[in-house]
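K.L.:
upload06.cif (mmCIF, C-alpha atoms) pasted underneath:
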data_protein
#
loop_
_atom_site.label_atom_id
_atom_site.label_comp_id
_atom_site.auth_asym_id
_atom_site.auth_seq_id
_atom_site.Cartn_x
_atom_site.Cartn_y
_atom_site.Cartn_z
CA MET A 1 70.03 35.74 36.32
CA ARG A 2 69.51 38.69 38.62
CA VAL A 3 71.73 38.62 41.72
CA ASP A 4 71.08 40.54 44.95
CA ILE A 5 73.89 40.57 47.52
CA THR A 6 73.22 41.73 51.06
CA GLY A 7 75.87 42.11 53.74
CA ARG A 8 74.87 42.27 57.40
CA HIS A 9 77.77 43.70 59.41
CA VAL A 10 79.95 42.99 56.36
CA ASP A 11 81.35 45.11 53.55
CA ILE A 12 81.10 43.33 50.19
CA THR A 13 84.65 43.52 48.86
CA PRO A 14 85.65 42.62 45.28
CA PRO A 15 87.24 39.28 46.35
CA LEU A 16 84.07 38.40 48.22
CA HIS A 17 82.01 39.37 45.18
CA ARG A 18 84.20 37.05 43.01
CA LEU A 19 83.59 34.16 45.44
CA ILE A 20 79.85 34.70 45.17
CA ASP A 21 80.03 34.89 41.36
CA GLN A 22 81.98 31.62 41.20
CA ALA A 23 79.40 29.86 43.36
CA LEU A 24 76.50 31.17 41.29
CA THR A 25 78.07 30.36 37.90
CA LYS A 26 78.25 26.70 38.93
CA LEU A 27 74.56 26.79 39.85
CA GLU A 28 73.70 28.58 36.61
CA ARG A 29 75.48 25.86 34.67
CA ILE A 30 73.38 23.19 36.37
CA LEU A 31 70.06 25.00 35.96
CA ASN A 32 70.82 26.35 32.46
CA ASP A 33 68.46 29.25 31.71
CA ARG A 34 65.88 28.19 34.31
CA ALA A 35 67.38 30.27 37.14
CA VAL A 36 65.48 33.56 37.46
CA SER A 37 67.19 35.29 40.38
CA ALA A 38 69.48 34.71 43.33
CA THR A 39 69.71 36.37 46.70
CA VAL A 40 72.91 36.02 48.70
CA THR A 41 72.94 37.20 52.30
CA LEU A 42 76.24 37.36 54.17
CA THR A 43 76.13 37.76 57.94
CA LYS A 44 79.00 38.06 60.40
CA GLU A 45 78.39 37.34 64.06
CA LYS A 46 81.56 37.55 66.15
CA TYR A 47 83.71 34.77 64.66
CA ARG A 48 80.93 33.08 62.69
CA HIS A 49 80.48 33.74 58.99
CA ILE A 50 77.02 32.79 57.71
CA ALA A 51 76.18 32.63 54.00
CA GLU A 52 72.63 32.12 52.80
CA ILE A 53 71.92 31.50 49.12
CA ILE A 54 68.36 31.54 47.79
CA VAL A 55 67.87 30.77 44.10
CA HIS A 56 64.50 31.33 42.44
CA ALA A 57 64.01 29.01 39.49
CA ARG A 58 61.17 28.77 36.98
CA ALA A 59 57.78 27.50 38.13
CA ASP A 60 58.26 29.11 41.57
CA HIS A 61 60.93 26.68 42.75
CA MET A 62 63.00 28.12 45.59
CA LEU A 63 66.37 26.52 46.34
CA THR A 64 67.83 27.50 49.71
CA GLY A 65 71.16 26.76 51.34
CA VAL A 66 72.77 28.08 54.50
CA GLY A 67 76.43 27.59 55.31
CA GLN A 68 78.43 28.50 58.39
CA GLY A 69 82.15 28.63 58.94
CA ASN A 70 84.99 30.67 60.27
CA THR A 71 85.84 32.03 56.78
CA TRP A 72 83.75 33.27 53.87
CA PRO A 73 84.94 30.67 51.35
CA LEU A 74 83.99 27.86 53.73
CA ALA A 75 80.54 29.29 54.46
CA LEU A 76 79.84 29.98 50.78
CA ARG A 77 81.02 26.49 49.78
CA GLN A 78 78.66 24.87 52.28
CA ALA A 79 75.68 26.94 51.15
CA GLU A 80 76.53 26.31 47.49
CA ALA A 81 76.76 22.56 48.07
CA LYS A 82 73.30 22.49 49.64
CA VAL A 83 71.76 24.47 46.81
CA GLU A 84 73.62 22.38 44.22
CA ILE A 85 72.08 19.16 45.58
CA GLN A 86 68.62 20.72 45.35
CA ALA A 87 69.35 21.97 41.83
CA GLN A 88 70.48 18.51 40.68
CA ARG A 89 67.30 16.97 42.10
CA LEU A 90 65.14 19.63 40.42
CA LYS A 91 66.94 19.25 37.10
CA SER A 92 66.47 15.47 37.18
CA LYS A 93 62.74 16.06 37.63
CA TRP A 94 62.71 18.43 34.67
CA THR A 95 64.68 16.18 32.37
CA GLY A 96 63.03 12.94 33.54
CA GLY A 97 60.53 11.16 31.31
CA ARG A 98 57.53 12.00 33.48
CA HIS A 99 57.84 15.76 32.94
CA ARG A 100 58.00 15.59 29.16
CA VAL A 101 55.23 13.00 28.98
CA ALA A 102 52.94 15.08 31.18
CA ARG A 103 53.40 18.05 28.88
CA ALA A 104 52.70 16.05 25.75
CA GLY A 105 49.66 14.37 27.29
CA LEU A 106 50.81 10.95 26.19
CA ALA A 107 51.20 7.77 28.18
CA ALA A 108 54.69 7.02 29.41
CA PRO A 109 56.53 4.36 27.43
CA PRO A 110 57.19 1.23 29.47
CA ARG A 111 60.68 1.10 30.89
CA ARG A 112 62.73 -2.04 30.86
CA ALA A 113 63.64 -3.28 34.30
CA ASN A 114 67.10 -4.27 33.12
CA ALA A 115 68.47 -1.30 31.20
CA ALA A 116 71.96 -2.78 30.83
CA PRO A 117 72.43 -4.78 27.62
CA ALA A 118 73.18 -8.45 27.96
CA PRO A 119 76.88 -9.34 27.57
CA ARG A 120 77.81 -10.48 24.09
CA VAL A 121 79.35 -13.94 23.91
CA VAL A 122 81.81 -14.48 21.06
CA ARG A 123 82.50 -18.09 20.23
CA GLY A 124 85.69 -19.29 18.70
CA ARG A 125 87.71 -22.45 18.25
CA TYR A 126 91.03 -22.79 20.00
CA PRO A 127 93.50 -25.60 19.27
CA ILE A 128 94.51 -27.57 22.35
CA LYS A 129 98.04 -28.91 21.99
CA PRO A 130 99.87 -31.23 24.39
CA MET A 131 102.75 -29.41 26.15
CA SER A 132 104.28 -28.89 29.58
CA VAL A 133 103.56 -25.94 31.86
CA GLU A 134 107.01 -24.48 31.09
CA ASP A 135 106.35 -24.65 27.33
CA ALA A 136 102.97 -22.93 27.83
CA ALA A 137 104.65 -20.19 29.90
CA LEU A 138 107.26 -19.70 27.17
CA ARG A 139 104.52 -19.47 24.53
CA LEU A 140 102.62 -16.93 26.67
CA GLU A 141 105.77 -14.82 27.14
CA THR A 142 106.71 -14.74 23.46
CA GLY A 143 103.25 -14.38 21.91
CA ALA A 144 100.65 -11.65 22.05
CA GLU A 145 98.11 -13.98 23.64
CA THR A 146 96.68 -13.32 27.08
CA PHE A 147 96.08 -16.99 27.84
CA VAL A 148 97.08 -20.45 26.63
CA VAL A 149 94.82 -23.50 26.75
CA PHE A 150 96.86 -26.70 26.59
CA ARG A 151 96.77 -30.40 27.41
CA ASP A 152 99.31 -31.27 30.07
CA ALA A 153 101.67 -33.88 28.61
CA GLN A 154 102.09 -35.68 31.96
CA SER A 155 98.51 -35.80 33.33
CA ASP A 156 96.65 -35.54 29.98
CA SER A 157 94.28 -32.93 31.52
CA VAL A 158 93.24 -29.60 29.97
CA ASN A 159 94.83 -26.60 31.73
CA ILE A 160 94.70 -22.84 31.26
CA LEU A 161 97.66 -20.56 31.83
CA TYR A 162 96.96 -16.79 31.88
CA ARG A 163 98.61 -13.51 32.80
CA ARG A 164 97.23 -11.83 35.91
CA LYS A 165 96.79 -8.08 36.31
CA ASP A 166 99.87 -7.89 38.52
CA GLY A 167 102.00 -9.40 35.69
CA ASN A 168 102.45 -12.87 37.16
CA LEU A 169 101.20 -16.06 35.49
CA ALA A 170 98.39 -18.17 36.91
CA LEU A 171 97.52 -21.80 36.14
CA ILE A 172 94.01 -23.26 36.24
CA GLU A 173 93.99 -27.04 36.66
CA PRO A 174 90.94 -29.32 36.87
CA ASP A 175 90.36 -31.36 40.04
#
If you took the structure in this file and wrote it as structure tokens, what would it be?
P.N.:
Amino acid sequence: MRVDITGRHVDITPPLHRLIDQALTKLERILNDRAVSATVTLTKEKYRHIAEIIVHARADHMLTGVGQGNTWPLALRQAEAKVEIQAQRLKSKWTGGRHRVARAGLAAPPRRANAAPAPRVVRGRYPIKPMSVEDAALRLETGAETFVVFRDAQSDSVNILYRRKDGNLALIEPD
């Protein structure tokens, strides 16, 4: 990518040149080889530092960002962020299905409305033994299980004892 740097009332020092190179390498990474040229204009007006970045990409796409601040890194970061957002949007258009389909001249394949796969349900049998809550807690502490399903010996109801994320035990009882 060809880079033109212009300084208005500013001398382009090597540290300033490095800042510009860092900002443009990030943009080059996003746009891959599609960036043709970049023009960076640095202007200083009293205490205001203004950085303008214009990137010319393939197919006559112009990405423009202007940043202002009291230091050069701040102004360049703002301008780079604006151009980066535009570059991400442009790249998503390029890599999206519509662009490739339009080139091939084929109809777009129908997209599923629900792209996430349905959760897989694994069934298994679990023995329910009669025991007290204290026995279930002891079994949960000693074993590698994350929960214990048991029949309460006093009420004869099915309960679930499990370990919470904070490390404590929780009991689920039916009404």
K.L.:
Mind checking which residues fall within 6 Å of range 152-169 of chain A, counting all atoms listed in the file, ignoring those fewer than 3 positions away in the same chain, and posting them as JSON, numbers by chain?
P.N.:
{"A": [130, 131, 132, 146, 147, 148, 149, 172, 173]}
K.L.:
At a cut-off of 6 Å, using only C-alpha atoms, what residues contact range 58-68 of chain A? Leave out same-chain residues fewer than 4 positions from it and give the result as a CSV table (one decimal) with C-alpha atoms, in the coordinates of the input.
P.N.:
chain,number,residue,atom,x,y,z
A,34,ARG,CA,65.9,28.2,34.3
A,49,HIS,CA,80.5,33.7,59.0
A,50,ILE,CA,77.0,32.8,57.7
A,51,ALA,CA,76.2,32.6,54.0
A,52,GLU,CA,72.6,32.1,52.8
A,53,ILE,CA,71.9,31.5,49.1
A,54,ILE,CA,68.4,31.5,47.8
A,75,ALA,CA,80.5,29.3,54.5
A,78,GLN,CA,78.7,24.9,52.3
A,79,ALA,CA,75.7,26.9,51.2
A,82,LYS,CA,73.3,22.5,49.6
A,83,VAL,CA,71.8,24.5,46.8
K.L.:
Evaluate the PyMOL selection byres ((chain A and resi 1) around 9) and record the selected residues as a list in words, following the chain and residue labels used in the document.
P.N.:
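Taken on the displayed file, the PyMOL selection byres ((chain A and resi 1) around 9) yields the residues Arg2, Val3, Glu28, Asp33, Arg34, Ala35, Val36, Ser37 and Ala38 of chain A.
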K.L.:
So how far away is CA of Arg123 in chain A from CA of Leu171 in chain A, in Å?
P.N.:
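CA of Arg123 in chain A lies 22.2 Å from CA of Leu171 in chain A.
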K.L.:
Excluding Ile85 in chain A and residues on its chain fewer than 4 positions from it, collect all residues at most 10 Å away from it, counting only C-alpha atoms, and give them as a PyMOL selection string.
P.N.:
chain A and resi 27+63+65+80-81+89-91
K.L.:
Any idea what the distance is between CA of Lys44 in chain A and CA of Trp72 in chain A?
P.N.:
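It comes out at 9.4 Å.
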K.L.:
Could you state the separation of CA of Thr43 in chain A and CA of Ile30 in chain A in Å, given to one decimal place?
P.N.:
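Going from CA of Thr43 in chain A over to CA of Ile30 in chain A, I get 26.2 Å.
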K.L.:
Which residue gives the smallest distance to Val55 in chain A among A:Asn70, A:Leu31, A:Arg120, A:Leu42, with all atoms listed in the file counted?
P.N.:
A:Leu31
K.L.:
I'd like to know which of A:His56, A:Arg8, A:Arg77, A:Lys93 is closest to Lys26 in chain A, using all atoms listed in the file.
P.N.:
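Nearest to Lys26 in chain A: A:Arg77.
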K.L.:
Which residue, A:Thr95, A:Tyr126, A:Thr6, A:Glu84, has the smallest gap to Thr25 in chain A when you use all atoms listed in the file?
P.N.:
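Residue with the minimum atom-to-atom distance to Thr25 in chain A: A:Glu84.
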